[in-house]
Amino acid sequence: MKLISQPIKLSLALAVGCSSLLLGQTSTIADPANFRQPLSIQPSNTASINTTINFTPPPPPPDPPPGGRVLGGAKRGTCPLFKPELTALVPFTQKTSLAVDVWGLTTAAHPTFWFYVPLPKNSDYPVEFVLQDEASNQIYQTAIAIPDQRGVIGISLPKTVAPLDLNKRYRWFFSIYCDPEKQSPPVYVEGVIQRVNLNQAIAQQLETAKPQQQPAIYAQNGIWYETLTTLAQLRLKNPNDRKLQAEWQNLITSIGLSDVATQPIVSQ
């Protein structure tokens, strides 16, 4: 699958072992684990805010590469071959025919993750979402209730879970087990999410912007998860708005996932 590249508009600098963004006059945030330097976002130089969503991806993080799996892939174990297949709605970089980096930024302490789930109505396959910290410690695991139709679902990290630390990587997994006993390999996707800090200029833009403008602000500044979540929320509130539908399709297509760009949002 070909990744659609776009011009980089962010001013970034790499620190030892981690990606760091230059943050105007915002003070830096200490990393108690001393794992990597903090990462913050610099505002885009836009004279005015509009509602056109053009996602500007930040460069991928340095070693270790995030790796991951954006598509459920071929038939595994007892699982049938789904078409379109299980898909994580996250930017990715196809490094080789086998190696993929699946990675995105969030500003939320409790973000929402989005997936296209191909299961038909009344499927009794166990479905599971897992989030791990940098040391592969499991910090959240939950069974997922499948909606009545195939489509895009959102999984929000509940407030009862500890908030994501700034500038730390977290690895997520979304798995479909076609064996109720979970003895056979699942169909799954995985990737890495990293929480970053917005500086005051972008925060003020978001505070004064209309809801229809917020996805564009996040997109211009490379914040994938809030770009998608704010746009999804607008679509759920305005299901017949064709402009929002077109913006969604264009955004999903722009990261190389055109196969699921027209799929409906069926639950959050």
# chains A, B, ... in the order shown; residues from 1 in each chain; ligands from 1
call {"tool": "residues_around", "arguments": {"residues": "Lys159 of chain A", "least_positions_apart": "5", "cutoff": "12 Å", "atoms": "only C-alpha atoms", "output": "CSV table (one decimal) with N, CA and C atoms, in the first residue's frame"}}
result
chain,number,residue,atom,x,y,z
A,108,ALA,N,-4.2,14.4,24.3
A,108,ALA,CA,-5.1,14.0,25.3
A,108,ALA,C,-4.5,13.1,26.3
A,109,ALA,N,-4.9,13.3,27.6
A,109,ALA,CA,-4.5,12.4,28.7
A,109,ALA,C,-5.2,11.1,28.5
A,110,HIS,N,-6.4,11.1,28.0
A,110,HIS,CA,-7.2,9.9,27.8
A,110,HIS,C,-7.7,9.9,26.3
A,111,PRO,N,-6.9,9.6,25.3
A,111,PRO,CA,-7.3,9.7,23.9
A,111,PRO,C,-8.3,8.7,23.5
A,112,THR,N,-8.8,8.9,22.3
A,112,THR,CA,-9.7,7.9,21.6
A,112,THR,C,-9.0,7.3,20.4
A,140,TYR,N,-3.9,-1.2,30.5
A,140,TYR,CA,-5.4,-1.2,30.2
A,140,TYR,C,-5.7,-2.3,29.3
A,164,LEU,N,-2.1,9.3,30.2
A,164,LEU,CA,-0.8,9.1,29.5
A,164,LEU,C,0.2,10.2,29.9
call {"tool": "residues_around", "arguments": {"residues": "Glu85 of chain A", "least_positions_apart": "2", "cutoff": "9 Å", "atoms": "only C-alpha atoms", "output": "list in words"}}
result
Leu71, Gly72, Gly73, Ala74, Leu81, Phe82, Lys83, Thr87, Tyr116, Val117, Pro118, Asp259 and Val260 of chain A
call {"tool": "residues_around", "arguments": {"residues": "segment 249-251 of chain A", "least_positions_apart": "3", "cutoff": "9 Å", "atoms": "only C-alpha atoms", "output": "list in words"}}
result
Ile53, Asn54, Phe55, Leu228, Leu244, Gln245, Ala246, Ser254, Ile255, Ser258, Val260, Ala261, Thr262 and Gln263 of chain A
call {"tool": "write_last_selection", "arguments": {"atoms": "N, CA and C atoms", "output": "short mmCIF file (atom, residue, chain, number, x, y, z; two decimals), in the first residue's frame"}}
result
data_model
loop_
_atom_site.label_atom_id
_atom_site.label_comp_id
_atom_site.auth_asym_id
_atom_site.auth_seq_id
_atom_site.Cartn_x
_atom_site.Cartn_y
_atom_site.Cartn_z
N ILE A 53 -9.14 20.41 6.05
CA ILE A 53 -8.27 19.56 6.86
C ILE A 53 -7.14 19.02 6.00
N ASN A 54 -5.94 19.50 6.25
CA ASN A 54 -4.73 19.02 5.57
C ASN A 54 -3.76 18.53 6.64
N PHE A 55 -3.69 17.23 6.81
CA PHE A 55 -2.84 16.68 7.86
C PHE A 55 -1.37 16.80 7.49
N LEU A 228 -8.67 13.30 14.16
CA LEU A 228 -9.68 12.31 13.81
C LEU A 228 -10.85 12.33 14.80
N LEU A 244 -18.69 17.27 5.80
CA LEU A 244 -17.95 16.52 6.81
C LEU A 244 -17.62 15.12 6.32
N GLN A 245 -18.54 14.49 5.62
CA GLN A 245 -18.28 13.18 5.05
C GLN A 245 -17.11 13.22 4.08
N ALA A 246 -17.09 14.27 3.24
CA ALA A 246 -16.00 14.41 2.27
C ALA A 246 -14.67 14.67 2.96
N SER A 254 -5.85 10.27 2.55
CA SER A 254 -4.54 10.94 2.51
C SER A 254 -3.47 10.18 3.26
N ILE A 255 -3.85 9.29 4.19
CA ILE A 255 -2.84 8.50 4.90
C ILE A 255 -2.74 7.09 4.32
N SER A 258 -7.55 4.23 1.75
CA SER A 258 -8.75 4.50 0.94
C SER A 258 -9.76 3.36 0.99
N VAL A 260 -11.04 1.91 3.40
CA VAL A 260 -12.04 2.05 4.47
C VAL A 260 -12.50 3.50 4.63
N ALA A 261 -12.14 4.36 3.69
CA ALA A 261 -12.45 5.79 3.82
C ALA A 261 -13.94 6.08 3.79
N THR A 262 -14.71 5.24 3.13
CA THR A 262 -16.15 5.48 3.01
C THR A 262 -16.97 4.68 4.02
N GLN A 263 -16.32 3.94 4.88
CA GLN A 263 -17.05 3.14 5.87
C GLN A 263 -17.71 4.04 6.92
#
call {"tool": "residues_around", "arguments": {"residues": "segment 181-197 of chain A", "least_positions_apart": "4", "cutoff": "7 Å", "atoms": "only C-alpha atoms", "output": "VMD selection string"}}
result
chain A and resid 39 to 41 66 to 72 76 to 78 87 to 88 102 to 108 164 to 177
call {"tool": "write_last_selection", "arguments": {"atoms": "N, CA and C atoms", "output": "mmCIF file, in the first residue's frame"}}
result
data_model
loop_
_atom_site.group_PDB
_atom_site.id
_atom_site.type_symbol
_atom_site.label_atom_id
_atom_site.label_comp_id
_atom_site.auth_asym_id
_atom_site.auth_seq_id
_atom_site.Cartn_x
_atom_site.Cartn_y
_atom_site.Cartn_z
ATOM 1 N N LEU A 39 8.697 16.360 24.212
ATOM 2 C CA LEU A 39 8.224 16.640 22.861
ATOM 3 C C LEU A 39 7.051 17.589 22.951
ATOM 4 N N SER A 40 7.126 18.738 22.309
ATOM 5 C CA SER A 40 6.041 19.704 22.317
ATOM 6 C C SER A 40 5.845 20.242 20.906
ATOM 7 N N ILE A 41 4.695 20.875 20.670
ATOM 8 C CA ILE A 41 4.308 21.264 19.321
ATOM 9 C C ILE A 41 4.401 22.766 19.148
ATOM 10 N N PRO A 66 8.939 2.550 15.888
ATOM 11 C CA PRO A 66 7.705 2.087 16.535
ATOM 12 C C PRO A 66 7.206 0.746 16.015
ATOM 13 N N GLY A 67 7.490 0.434 14.728
ATOM 14 C CA GLY A 67 6.956 -0.800 14.176
ATOM 15 C C GLY A 67 5.438 -0.764 14.145
ATOM 16 N N GLY A 68 4.816 -1.933 14.150
ATOM 17 C CA GLY A 68 3.367 -1.981 14.207
ATOM 18 C C GLY A 68 2.743 -2.700 13.032
ATOM 19 N N ARG A 69 1.436 -2.604 12.974
ATOM 20 C CA ARG A 69 0.653 -3.317 11.965
ATOM 21 C C ARG A 69 -0.635 -2.528 11.757
ATOM 22 N N VAL A 70 -0.810 -1.919 10.599
ATOM 23 C CA VAL A 70 -1.978 -1.071 10.360
ATOM 24 C C VAL A 70 -3.158 -1.864 9.814
ATOM 25 N N LEU A 71 -2.901 -3.036 9.214
ATOM 26 C CA LEU A 71 -3.946 -3.886 8.648
ATOM 27 C C LEU A 71 -3.947 -5.243 9.326
ATOM 28 N N GLY A 72 -5.151 -5.837 9.418
ATOM 29 C CA GLY A 72 -5.271 -7.149 10.035
ATOM 30 C C GLY A 72 -4.538 -8.240 9.295
ATOM 31 N N ARG A 76 -5.658 -15.772 9.519
ATOM 32 C CA ARG A 76 -4.828 -16.258 10.618
ATOM 33 C C ARG A 76 -5.659 -17.224 11.452
ATOM 34 N N GLY A 77 -5.091 -18.375 11.768
ATOM 35 C CA GLY A 77 -5.782 -19.334 12.609
ATOM 36 C C GLY A 77 -7.131 -19.712 12.037
ATOM 37 N N THR A 78 -8.149 -19.588 12.862
ATOM 38 C CA THR A 78 -9.510 -19.927 12.441
ATOM 39 C C THR A 78 -10.274 -18.738 11.889
ATOM 40 N N THR A 87 -8.643 -2.608 10.224
ATOM 41 C CA THR A 87 -7.747 -1.498 9.904
ATOM 42 C C THR A 87 -7.674 -0.525 11.070
ATOM 43 N N ALA A 88 -6.460 -0.151 11.446
ATOM 44 C CA ALA A 88 -6.255 0.913 12.427
ATOM 45 C C ALA A 88 -6.217 2.242 11.687
ATOM 46 N N VAL A 102 3.790 2.377 12.567
ATOM 47 C CA VAL A 102 2.426 2.856 12.810
ATOM 48 C C VAL A 102 2.490 3.728 14.062
ATOM 49 N N TRP A 103 2.258 5.028 13.883
ATOM 50 C CA TRP A 103 2.593 5.966 14.955
ATOM 51 C C TRP A 103 1.820 7.260 14.788
ATOM 52 N N GLY A 104 1.349 7.816 15.913
ATOM 53 C CA GLY A 104 0.646 9.082 15.868
ATOM 54 C C GLY A 104 0.729 9.811 17.194
ATOM 55 N N LEU A 105 0.498 11.126 17.138
ATOM 56 C CA LEU A 105 0.569 11.980 18.325
ATOM 57 C C LEU A 105 -0.821 12.301 18.854
ATOM 58 N N THR A 106 -0.890 12.515 20.166
ATOM 59 C CA THR A 106 -2.108 12.967 20.821
ATOM 60 C C THR A 106 -1.750 14.054 21.816
ATOM 61 N N THR A 107 -2.702 14.905 22.137
ATOM 62 C CA THR A 107 -2.535 15.867 23.222
ATOM 63 C C THR A 107 -3.399 15.487 24.421
ATOM 64 N N ALA A 108 -4.176 14.423 24.283
ATOM 65 C CA ALA A 108 -5.144 14.047 25.311
ATOM 66 C C ALA A 108 -4.527 13.113 26.349
ATOM 67 N N LEU A 164 -2.057 9.315 30.217
ATOM 68 C CA LEU A 164 -0.809 9.115 29.500
ATOM 69 C C LEU A 164 0.195 10.169 29.931
ATOM 70 N N ASP A 165 1.422 9.747 30.186
ATOM 71 C CA ASP A 165 2.482 10.696 30.513
ATOM 72 C C ASP A 165 2.927 11.421 29.253
ATOM 73 N N LEU A 166 3.307 12.680 29.419
ATOM 74 C CA LEU A 166 3.829 13.440 28.294
ATOM 75 C C LEU A 166 5.133 12.830 27.802
ATOM 76 N N ASN A 167 5.263 12.774 26.483
ATOM 77 C CA ASN A 167 6.496 12.381 25.805
ATOM 78 C C ASN A 167 6.913 10.935 26.026
ATOM 79 N N LYS A 168 5.995 10.112 26.480
ATOM 80 C CA LYS A 168 6.252 8.687 26.613
ATOM 81 C C LYS A 168 5.502 7.938 25.508
ATOM 82 N N ARG A 169 6.116 6.858 25.031
ATOM 83 C CA ARG A 169 5.460 6.031 24.028
ATOM 84 C C ARG A 169 4.595 4.964 24.703
ATOM 85 N N TYR A 170 3.449 4.719 24.109
ATOM 86 C CA TYR A 170 2.566 3.646 24.556
ATOM 87 C C TYR A 170 2.207 2.796 23.340
ATOM 88 N N ARG A 171 2.150 1.499 23.533
ATOM 89 C CA ARG A 171 1.818 0.589 22.438
ATOM 90 C C ARG A 171 0.418 0.026 22.660
ATOM 91 N N TRP A 172 -0.391 0.081 21.592
ATOM 92 C CA TRP A 172 -1.756 -0.449 21.660
ATOM 93 C C TRP A 172 -1.911 -1.642 20.715
ATOM 94 N N PHE A 173 -2.849 -2.509 21.059
ATOM 95 C CA PHE A 173 -3.197 -3.678 20.253
ATOM 96 C C PHE A 173 -4.725 -3.771 20.171
ATOM 97 N N PHE A 174 -5.231 -4.073 18.993
ATOM 98 C CA PHE A 174 -6.650 -4.363 18.807
ATOM 99 C C PHE A 174 -6.726 -5.718 18.130
ATOM 100 N N SER A 175 -7.364 -6.690 18.789
ATOM 101 C CA SER A 175 -7.317 -8.084 18.323
ATOM 102 C C SER A 175 -8.712 -8.670 18.189
ATOM 103 N N ILE A 176 -8.891 -9.456 17.136
ATOM 104 C CA ILE A 176 -10.099 -10.248 16.932
ATOM 105 C C ILE A 176 -9.712 -11.721 17.040
ATOM 106 N N TYR A 177 -10.305 -12.416 18.002
ATOM 107 C CA TYR A 177 -10.055 -13.843 18.193
ATOM 108 C C TYR A 177 -11.224 -14.628 17.594
#
call {"tool": "select_by_dssp", "arguments": {"residues": "segment 82-222 of chain A", "states": "strand (DSSP E or B)", "output": "JSON, numbers by chain"}}
result
{"A": [87, 88, 92, 93, 94, 100, 101, 102, 103, 104, 105, 106, 112, 113, 114, 115, 116, 117, 127, 128, 129, 130, 131, 132, 138, 139, 140, 141, 142, 143, 151, 152, 153, 154, 155, 156, 166, 169, 170, 171, 172, 173, 174, 175, 176, 187, 188, 189, 190, 191, 192, 193, 194, 195, 197, 198]}
call {"tool": "write_last_selection", "arguments": {"atoms": "C-alpha atoms", "output": "PDB file, in the first residue's frame"}}
result
ATOM      1  CA  THR A  87      -7.747  -1.498   9.904  1.00  0.00           C
ATOM      2  CA  ALA A  88      -6.255   0.913  12.427  1.00  0.00           C
ATOM      3  CA  PHE A  92       1.863   4.715   8.888  1.00  0.00           C
ATOM      4  CA  THR A  93       5.133   4.542   6.993  1.00  0.00           C
ATOM      5  CA  GLN A  94       5.788   1.536   4.753  1.00  0.00           C
ATOM      6  CA  VAL A 100       5.797  -0.702   8.806  1.00  0.00           C
ATOM      7  CA  ASP A 101       5.870   2.106  11.377  1.00  0.00           C
ATOM      8  CA  VAL A 102       2.426   2.856  12.810  1.00  0.00           C
ATOM      9  CA  TRP A 103       2.593   5.966  14.955  1.00  0.00           C
ATOM     10  CA  GLY A 104       0.646   9.082  15.868  1.00  0.00           C
ATOM     11  CA  LEU A 105       0.569  11.980  18.325  1.00  0.00           C
ATOM     12  CA  THR A 106      -2.108  12.967  20.821  1.00  0.00           C
ATOM     13  CA  THR A 112      -9.719   7.885  21.643  1.00  0.00           C
ATOM     14  CA  PHE A 113      -8.447   5.192  19.266  1.00  0.00           C
ATOM     15  CA  TRP A 114     -10.261   4.500  15.968  1.00  0.00           C
ATOM     16  CA  PHE A 115     -10.551   1.244  14.038  1.00  0.00           C
ATOM     17  CA  TYR A 116     -12.485  -0.169  11.128  1.00  0.00           C
ATOM     18  CA  VAL A 117     -13.965  -3.456  12.364  1.00  0.00           C
ATOM     19  CA  VAL A 127     -12.519  -8.677  20.515  1.00  0.00           C
ATOM     20  CA  GLU A 128      -9.960  -7.025  22.765  1.00  0.00           C
ATOM     21  CA  PHE A 129      -8.097  -3.722  23.128  1.00  0.00           C
ATOM     22  CA  VAL A 130      -4.827  -3.537  25.088  1.00  0.00           C
ATOM     23  CA  LEU A 131      -2.567  -0.610  25.971  1.00  0.00           C
ATOM     24  CA  GLN A 132       0.998  -1.043  27.234  1.00  0.00           C
ATOM     25  CA  GLN A 138      -0.135  -3.725  30.541  1.00  0.00           C
ATOM     26  CA  ILE A 139      -1.945  -0.623  31.790  1.00  0.00           C
ATOM     27  CA  TYR A 140      -5.361  -1.198  30.204  1.00  0.00           C
ATOM     28  CA  GLN A 141      -7.214  -4.141  28.737  1.00  0.00           C
ATOM     29  CA  THR A 142     -10.864  -4.366  27.792  1.00  0.00           C
ATOM     30  CA  ALA A 143     -13.263  -6.520  25.811  1.00  0.00           C
ATOM     31  CA  GLY A 151     -17.846   0.118  10.375  1.00  0.00           C
ATOM     32  CA  VAL A 152     -15.549   2.456  12.287  1.00  0.00           C
ATOM     33  CA  ILE A 153     -15.566   2.423  16.080  1.00  0.00           C
ATOM     34  CA  GLY A 154     -13.862   4.624  18.649  1.00  0.00           C
ATOM     35  CA  ILE A 155     -12.346   3.295  21.873  1.00  0.00           C
ATOM     36  CA  SER A 156     -11.744   5.950  24.514  1.00  0.00           C
ATOM     37  CA  LEU A 166       3.829  13.440  28.294  1.00  0.00           C
ATOM     38  CA  ARG A 169       5.460   6.031  24.028  1.00  0.00           C
ATOM     39  CA  TYR A 170       2.566   3.646  24.556  1.00  0.00           C
ATOM     40  CA  ARG A 171       1.818   0.589  22.438  1.00  0.00           C
ATOM     41  CA  TRP A 172      -1.756  -0.449  21.660  1.00  0.00           C
ATOM     42  CA  PHE A 173      -3.197  -3.678  20.253  1.00  0.00           C
ATOM     43  CA  PHE A 174      -6.650  -4.363  18.807  1.00  0.00           C
ATOM     44  CA  SER A 175      -7.317  -8.084  18.323  1.00  0.00           C
ATOM     45  CA  ILE A 176     -10.099 -10.248  16.932  1.00  0.00           C
ATOM     46  CA  VAL A 187      -6.303 -11.009  13.559  1.00  0.00           C
ATOM     47  CA  TYR A 188      -4.781  -7.861  15.037  1.00  0.00           C
ATOM     48  CA  VAL A 189      -3.386  -4.382  14.471  1.00  0.00           C
ATOM     49  CA  GLU A 190      -0.884  -2.517  16.649  1.00  0.00           C
ATOM     50  CA  GLY A 191       0.900   0.789  16.850  1.00  0.00           C
ATOM     51  CA  VAL A 192       2.428   3.456  19.061  1.00  0.00           C
ATOM     52  CA  ILE A 193       0.872   6.613  20.477  1.00  0.00           C
ATOM     53  CA  GLN A 194       2.747   9.470  22.105  1.00  0.00           C
ATOM     54  CA  ARG A 195       1.269  12.343  24.085  1.00  0.00           C
ATOM     55  CA  ASN A 197       2.205  19.285  24.807  1.00  0.00           C
ATOM     56  CA  LEU A 198       0.663  22.145  22.873  1.00  0.00           C
TER      57      LEU A 198
END
call {"tool": "select_by_dssp", "arguments": {"residues": "segment 57-234 of chain A", "states": "helix (DSSP H, G or I)", "output": "ChimeraX atom specification"}}
result
/A:200-208,214-220,224-234
call {"tool": "residues_around", "arguments": {"residues": "Thr51 of chain A", "least_positions_apart": "6", "cutoff": "12 Å", "atoms": "only C-alpha atoms", "output": "VMD selection string"}}
result
chain A and resid 209 to 220 227 230 to 231 234 243 to 244 246 to 248
call {"tool": "closest_residue", "arguments": {"among": "A:Leu236, A:Val266, A:Ile202, A:Cys79", "to": "Ala145 of chain A", "atoms": "only C-alpha atoms"}}
result
A:Val266
